[in-house]
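> Sharing a structure here in structure tokens format.
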Amino acid sequence: MLKIEHLTKIYEDGTKALDDVSLTVADGEFLVIVGLSGAGKSTLLRCINRLVEPTSGKIYLDDVDITAASPKELREIRLKIGMIFQQFNLVKRSSVLTNTLSGRLGYVSPWKSLVYRFPAQDVARAHANLERVGIAEKARARADTLSGGQQQRVGIARALMQEPKLMLADEPVASLDPATSHSVLKYLEQINKEDGITVICNLHFLSLARRYASRVIALKDGRLVFDGRPQEIDHRRFKEIYGEEAVQVEIGPELTPEEATQAP
Amino acid sequence: MNNQRPPTKPASLLGPLRTALLVLILAAAYAYGFRVTKVNLYDLVTGLPNMHHIVLSLLQPDLFVRATEMQKSDTPFLVRAESGALPPPPATPPAKPGPSVEIYPSVAKPGDVIEVKGRDFKPDTPGVIYLIWVGETRLGKITTDAQGSFAAKVVLPGDVTQGDYWIEARVFRELNWYVPSETLILSLRLMLETIFLALIGTTFSVIFSIPLSFLGARNLMMGAPFGRATYYLSRTFFNLLRSIEVLIIVVIMAVVVGIGPFAGVLALAVHGIGALGKLYSEAIESIDPGPIEAITATGASRLQVIAYAVVPQIVPQFIAFTLYRWDINVRMATVIGLVGGGGIGFILIQYINLLEWNQAGTAIWLIAIVVMAMDYASAVIREKIV
């Protein structure tokens, strides 16, 4: 269980990205964070694994205070938190297999890993994870020869190598076309349902949130402005989150007629 | 829709005035510049013909010579106040087979005419008679007859000091093939030395600048105050080394380890640490930060992040910069010899000082060919890997 208490982040230039956000995420949830660009969604995710240092507030993962962890403790906490990114963040010149194995670095002996050696069971695990996201045959290919959707699947495989409890997904489909977006989100849904991994995912599109989330929260100017089930976001709430000028757009082929009529 | 443009500023007098002032300052700067650098086109035009001889000689580098076969024989000779004959040797050595030379008189005073006779040389062959001391002085030309003998009268120069000398006759027979000249062989040997001088110098700078470059990369070091200090320290160190001209470092290193190639290696290494360190650091700074973030998020240690997120991204650039540096260093190594750093520059400056322009041409052409070849090769390799 993840508990966030009074989390505030003020960047060095004075930008207040998060303003007193409190939140509890139960195990097994598929939590989608929506909001405009700059609303603080990415900052919130990055505070959870401290890629961004919170200014104040506390974050607990299973009652362990992440914000108070020493560098060594932090690395152990991070093992349990997988993360995938909008730009996939693969090492482009390295092979798909090496990219996948790099998710295992926290587990292996530092000296062996520095000469690019991994235990055989980790290599087998990497192949299994690539198999799971449907790109086993690409293991030897260079990462930058893959399509965007394939690269994001490598990103998922890399995160799975950590055997995480919690998966953070920062705009995982914002760089992908609608069809590919659904295929990537389905893999996230699958690991959420089959492995019981809690997923916290930033999304731009409300339609995708409605389709995949078990719970949606909305951020606006760093503040939590909505917390509830995806169906509860009606026209009024939409305007609150995205502003008066926003027009709802739909994405993807998997749109039901009543979803479409919800658009203003 | 808002189609209004922001109102344009009213034209002020300040604009043209500022331009006029700028032009005036530029004109003054160039006027002064021409004066202190003594730019003088008249000297350039009138002096140009002086270049004629040098350019012609440089265009005829000393590369190959006709292969020759030489025969020589010598005999002792004394220069005294009075001429006469040498006392007979205590025991006549048995006559060796091969050519021999006799002179008369064997004791002479400066300015005397000496008769030189030789026999059993190769027939019908040109040759030269030398007076041998520490060095040698050419006394006259000879040609052997059909029996391989010659007789010639030569004049001893008036300014020869009294002492013990030898008279030597050498005959040369040109053979029907060409061999590399001594200049070419020496230049090739020193060119090879130069290439390796550059290689070793580059290697030393690579060894030191790779670890240092990580400390000088803003994106890796800007986290903590300690890292920030290290960053500025490393960058200052690089700039300091880079700003000292290689030629100056060679002179200093020659004092430490003596004149020769090792001084050159050290100079290239020291300067190269600064130059490569800066390039490497900038290569590290220009990498995609995404993978660093991703690998950090997996719980990897700092060293693992560098090994898995940074190193794969910088390897091609590092190789390219290293080749580029080696290429520059070969060019530099040719001039560091001028100030005692070994390599081909060392003989080039000697040829120039002795006005031996054909020989200097050999070295210069060799340098040009090697530098161009290195330039081309490193460009091709760089293109392949980046």
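The way I read the labels, and the way they are meant: chains A, B, ... in the order of the structure tokens, residue 1 as the first residue of every chain, and ligand 1 as the first ligand shown, with later ones counted on from there.
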Counting only C-alpha atoms, what are the residues of chain B within 10 Å of chain A, and for each of them which pair of atoms is the nearest and at what distance in Å, to one decimal? Sort the table by chain and rising number, as a Markdown table.

```
| residue | atom | partner | partner_atom | distance |
| --- | --- | --- | --- | --- |
| B:Asp288 | CA | A:Asn89 | CA | 8.3 |
| B:Pro289 | CA | A:Asn89 | CA | 8.1 |
| B:Gly290 | CA | A:Asn89 | CA | 4.6 |
| B:Pro291 | CA | A:Asn89 | CA | 4.6 |
| B:Ile292 | CA | A:Asn89 | CA | 8.0 |
| B:Glu293 | CA | A:Leu51 | CA | 7.2 |
| B:Ala294 | CA | A:Asn89 | CA | 6.1 |
| B:Ile295 | CA | A:Ser102 | CA | 6.9 |
| B:Thr296 | CA | A:Leu51 | CA | 7.8 |
| B:Ala297 | CA | A:Arg78 | CA | 6.1 |
| B:Thr298 | CA | A:Leu79 | CA | 5.6 |
| B:Gly299 | CA | A:Arg75 | CA | 4.3 |
| B:Ala300 | CA | A:Gly106 | CA | 4.6 |
| B:Ser301 | CA | A:Gly106 | CA | 7.2 |
| B:Leu303 | CA | A:Leu114 | CA | 7.8 |
| B:Gln304 | CA | A:Leu114 | CA | 6.4 |
| B:Val305 | CA | A:Leu105 | CA | 8.9 |
| B:Ile306 | CA | A:Leu114 | CA | 9.2 |
| B:Ala307 | CA | A:Leu114 | CA | 6.2 |
| B:Tyr308 | CA | A:Ser102 | CA | 7.0 |
| B:Ala309 | CA | A:Val91 | CA | 6.3 |
| B:Val310 | CA | A:Val91 | CA | 8.6 |
| B:Val311 | CA | A:Val91 | CA | 9.8 |
| B:Pro312 | CA | A:Arg93 | CA | 6.5 |
| B:Gln313 | CA | A:Arg93 | CA | 6.8 |
| B:Ile314 | CA | A:Arg93 | CA | 9.9 |
| B:Val315 | CA | A:Arg93 | CA | 9.8 |
| B:Pro316 | CA | A:Arg93 | CA | 9.7 |
```
> So which residues touch Lys3 of chain A within 12 Å, counting only C-alpha atoms, skipping near sequence neighbours fewer than 2 positions away, as a list in words?
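Listed by chain and then number, they are Met1, Glu5, His6, Leu7, Val21, Ser22, Leu23, Thr24, Val25, Ala26, Asp27, Ile48, Gly57, Lys58, Ile59, Tyr60, Leu61, Asp62, Asp63, Val64, Asp65, Ile66 and Thr67 of chain A.
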> Could you dump the residues just selected with N, CA and C atoms as a PDB file, in the first residue's frame?

```pdb
ATOM      1  N   MET A   1       0.828  -1.196   0.000  1.00  0.00           N
ATOM      2  CA  MET A   1       0.000   0.000   0.000  1.00  0.00           C
ATOM      3  C   MET A   1       0.869   1.256   0.000  1.00  0.00           C
ATOM      4  N   GLU A   5       1.451  11.718   1.942  1.00  0.00           N
ATOM      5  CA  GLU A   5       0.896  12.677   2.902  1.00  0.00           C
ATOM      6  C   GLU A   5       1.473  14.065   2.686  1.00  0.00           C
ATOM      7  N   HIS A   6       0.604  14.991   2.372  1.00  0.00           N
ATOM      8  CA  HIS A   6       0.963  16.420   2.281  1.00  0.00           C
ATOM      9  C   HIS A   6       2.190  16.648   1.417  1.00  0.00           C
ATOM     10  N   LEU A   7       2.228  16.023   0.278  1.00  0.00           N
ATOM     11  CA  LEU A   7       3.401  16.106  -0.589  1.00  0.00           C
ATOM     12  C   LEU A   7       3.424  17.443  -1.331  1.00  0.00           C
ATOM     13  N   VAL A  21      -0.416  17.423  -1.684  1.00  0.00           N
ATOM     14  CA  VAL A  21      -1.167  16.295  -2.227  1.00  0.00           C
ATOM     15  C   VAL A  21      -1.147  15.141  -1.227  1.00  0.00           C
ATOM     16  N   SER A  22      -2.301  14.654  -0.867  1.00  0.00           N
ATOM     17  CA  SER A  22      -2.382  13.471  -0.004  1.00  0.00           C
ATOM     18  C   SER A  22      -3.218  12.413  -0.718  1.00  0.00           C
ATOM     19  N   LEU A  23      -2.803  11.141  -0.549  1.00  0.00           N
ATOM     20  CA  LEU A  23      -3.370  10.116  -1.406  1.00  0.00           C
ATOM     21  C   LEU A  23      -3.015   8.749  -0.831  1.00  0.00           C
ATOM     22  N   THR A  24      -3.932   7.825  -0.912  1.00  0.00           N
ATOM     23  CA  THR A  24      -3.603   6.452  -0.541  1.00  0.00           C
ATOM     24  C   THR A  24      -3.965   5.543  -1.703  1.00  0.00           C
ATOM     25  N   VAL A  25      -3.043   4.674  -2.069  1.00  0.00           N
ATOM     26  CA  VAL A  25      -3.290   3.765  -3.183  1.00  0.00           C
ATOM     27  C   VAL A  25      -3.241   2.349  -2.632  1.00  0.00           C
ATOM     28  N   ALA A  26      -4.357   1.635  -2.801  1.00  0.00           N
ATOM     29  CA  ALA A  26      -4.407   0.274  -2.280  1.00  0.00           C
ATOM     30  C   ALA A  26      -3.689  -0.672  -3.232  1.00  0.00           C
ATOM     31  N   ASP A  27      -3.235  -1.824  -2.722  1.00  0.00           N
ATOM     32  CA  ASP A  27      -2.576  -2.823  -3.564  1.00  0.00           C
ATOM     33  C   ASP A  27      -3.531  -3.281  -4.656  1.00  0.00           C
ATOM     34  N   ILE A  48       7.615   9.594  -6.054  1.00  0.00           N
ATOM     35  CA  ILE A  48       7.384   8.290  -5.429  1.00  0.00           C
ATOM     36  C   ILE A  48       8.661   7.448  -5.416  1.00  0.00           C
ATOM     37  N   GLY A  57       6.588  16.753   2.936  1.00  0.00           N
ATOM     38  CA  GLY A  57       5.594  15.700   2.864  1.00  0.00           C
ATOM     39  C   GLY A  57       6.243  14.330   3.011  1.00  0.00           C
ATOM     40  N   LYS A  58       5.407  13.322   3.149  1.00  0.00           N
ATOM     41  CA  LYS A  58       5.913  11.967   3.377  1.00  0.00           C
ATOM     42  C   LYS A  58       5.303  11.004   2.364  1.00  0.00           C
ATOM     43  N   ILE A  59       6.074  10.000   2.000  1.00  0.00           N
ATOM     44  CA  ILE A  59       5.556   8.938   1.143  1.00  0.00           C
ATOM     45  C   ILE A  59       5.932   7.600   1.788  1.00  0.00           C
ATOM     46  N   TYR A  60       4.939   6.764   2.001  1.00  0.00           N
ATOM     47  CA  TYR A  60       5.206   5.462   2.607  1.00  0.00           C
ATOM     48  C   TYR A  60       4.837   4.365   1.617  1.00  0.00           C
ATOM     49  N   LEU A  61       5.752   3.417   1.433  1.00  0.00           N
ATOM     50  CA  LEU A  61       5.409   2.221   0.675  1.00  0.00           C
ATOM     51  C   LEU A  61       5.458   1.072   1.669  1.00  0.00           C
ATOM     52  N   ASP A  62       4.299   0.455   1.930  1.00  0.00           N
ATOM     53  CA  ASP A  62       4.210  -0.592   2.959  1.00  0.00           C
ATOM     54  C   ASP A  62       4.845  -0.121   4.268  1.00  0.00           C
ATOM     55  N   ASP A  63       4.488   1.060   4.684  1.00  0.00           N
ATOM     56  CA  ASP A  63       4.912   1.646   5.951  1.00  0.00           C
ATOM     57  C   ASP A  63       6.406   1.965   6.030  1.00  0.00           C
ATOM     58  N   VAL A  64       7.112   1.862   4.944  1.00  0.00           N
ATOM     59  CA  VAL A  64       8.509   2.316   4.927  1.00  0.00           C
ATOM     60  C   VAL A  64       8.518   3.736   4.364  1.00  0.00           C
ATOM     61  N   ASP A  65       9.153   4.655   5.099  1.00  0.00           N
ATOM     62  CA  ASP A  65       9.160   6.048   4.682  1.00  0.00           C
ATOM     63  C   ASP A  65      10.188   6.246   3.549  1.00  0.00           C
ATOM     64  N   ILE A  66       9.705   6.397   2.340  1.00  0.00           N
ATOM     65  CA  ILE A  66      10.617   6.560   1.187  1.00  0.00           C
ATOM     66  C   ILE A  66      11.379   7.875   1.298  1.00  0.00           C
ATOM     67  N   THR A  67      10.704   8.917   1.767  1.00  0.00           N
ATOM     68  CA  THR A  67      11.342  10.245   1.790  1.00  0.00           C
ATOM     69  C   THR A  67      12.495  10.308   2.775  1.00  0.00           C
TER      70      THR A  67
END
```
> Could you pull out the strand (DSSP E or B) residues of segment 21-228 of chain B, going by DSSP on the backbone, and write them as a ChimeraX atom specification?
/B:64-79,84,100-104,107-108,113-119,126-132,136-143,150-155,163-180
> Between atom CA of Ala139 of chain A and atom CA of Val154 of chain A, what distance in Å does the model show, to one decimal?
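Distance reported for this atom pair: 9.3 Å.
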> For Ile156 of chain A, which residue among A:Val96, A:Asp122, A:Leu203, A:Lys112 is the nearest when counting only C-alpha atoms?
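Once distances to Ile156 of chain A are computed over only C-alpha atoms, the minimum belongs to A:Val96.
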> Within 10 Å of Phe196 of chain B, counting only C-alpha atoms, which residues qualify if same-chain residues fewer than 3 places away don't, as a ChimeraX atom specification?
/B:190-193,199-202,261,265,326,330,333,343
> Enter the distance from atom CA of Val52 of chain A to atom CA of Ser109 of chain A, in Å, rounded to one decimal.
26.4 Å
> Output as number ranges by chain all residues of segment 173-358 of chain B that backbone DSSP marks as alpha helix (DSSP H).
B: 182-215, 218-221, 225-243, 246-257, 261-285, 289-297, 302-305, 311-336, 344-353, 357-358
> For Phe150 of chain B, work out the shell of residues within 12 Å, counting only C-alpha atoms and skipping chain neighbours fewer than 5 positions away, then give it as a PyMOL selection string.
chain B and resi 99-103+115-129+141-145+169-171
> Could you jot down the atom CA of Phe118 of chain A to atom CA of Ile135 of chain A separation for me, Å, one decimal place?
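A separation of 20.4 Å between them.
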> Give me, as a PyMOL selection string, all polymer residues having an atom no more than 12 Å from Val255 of chain B, counting only C-alpha atoms and skipping those fewer than 5 positions away in the same chain.
chain B and resi 248-250+260+262-264+266-267+339-341
> Any idea what's packed within 10 Å of Leu58 of chain B, counting only C-alpha atoms, ignoring anything in its chain fewer than 4 positions away? Could you give it as a PDB file with C-alpha atoms, in the first residue's frame?

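And here's out28.pdb as it stands now:
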```
ATOM      1  CA  HIS B  52      61.657  31.017 -56.318  1.00  0.00           C
ATOM      2  CA  HIS B  53      64.750  29.036 -55.449  1.00  0.00           C
ATOM      3  CA  ILE B  54      63.251  27.554 -52.295  1.00  0.00           C
ATOM      4  CA  ASP B  62      65.721  14.301 -52.359  1.00  0.00           C
ATOM      5  CA  GLU B 356      69.297  22.065 -47.682  1.00  0.00           C
ATOM      6  CA  TRP B 357      65.970  22.720 -49.350  1.00  0.00           C
ATOM      7  CA  ASN B 358      65.824  19.493 -51.384  1.00  0.00           C
ATOM      8  CA  GLN B 359      66.225  17.485 -48.193  1.00  0.00           C
ATOM      9  CA  ALA B 360      63.775  19.722 -46.360  1.00  0.00           C
ATOM     10  CA  GLY B 361      61.401  19.086 -49.259  1.00  0.00           C
ATOM     11  CA  THR B 362      61.643  15.331 -48.648  1.00  0.00           C
ATOM     12  CA  ALA B 363      60.582  15.763 -45.032  1.00  0.00           C
ATOM     13  CA  ILE B 364      57.846  18.272 -45.850  1.00  0.00           C
ATOM     14  CA  TRP B 365      56.320  16.099 -48.583  1.00  0.00           C
TER      15      TRP B 365
END
```
> Could you list, as a list of chain:residue names, every residue within 10 Å of Asp221 of chain A, counting only C-alpha atoms and ignoring same-chain residues fewer than 3 positions away?
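Contacts, in chain order: A:Lys16, A:Ala17, A:Leu18, A:Asp19, A:Gly35, A:Leu36, A:Ser37, A:Gly38, A:Ala39, A:Gly40, A:Lys41, A:Leu224, A:Val225, A:Ile241.
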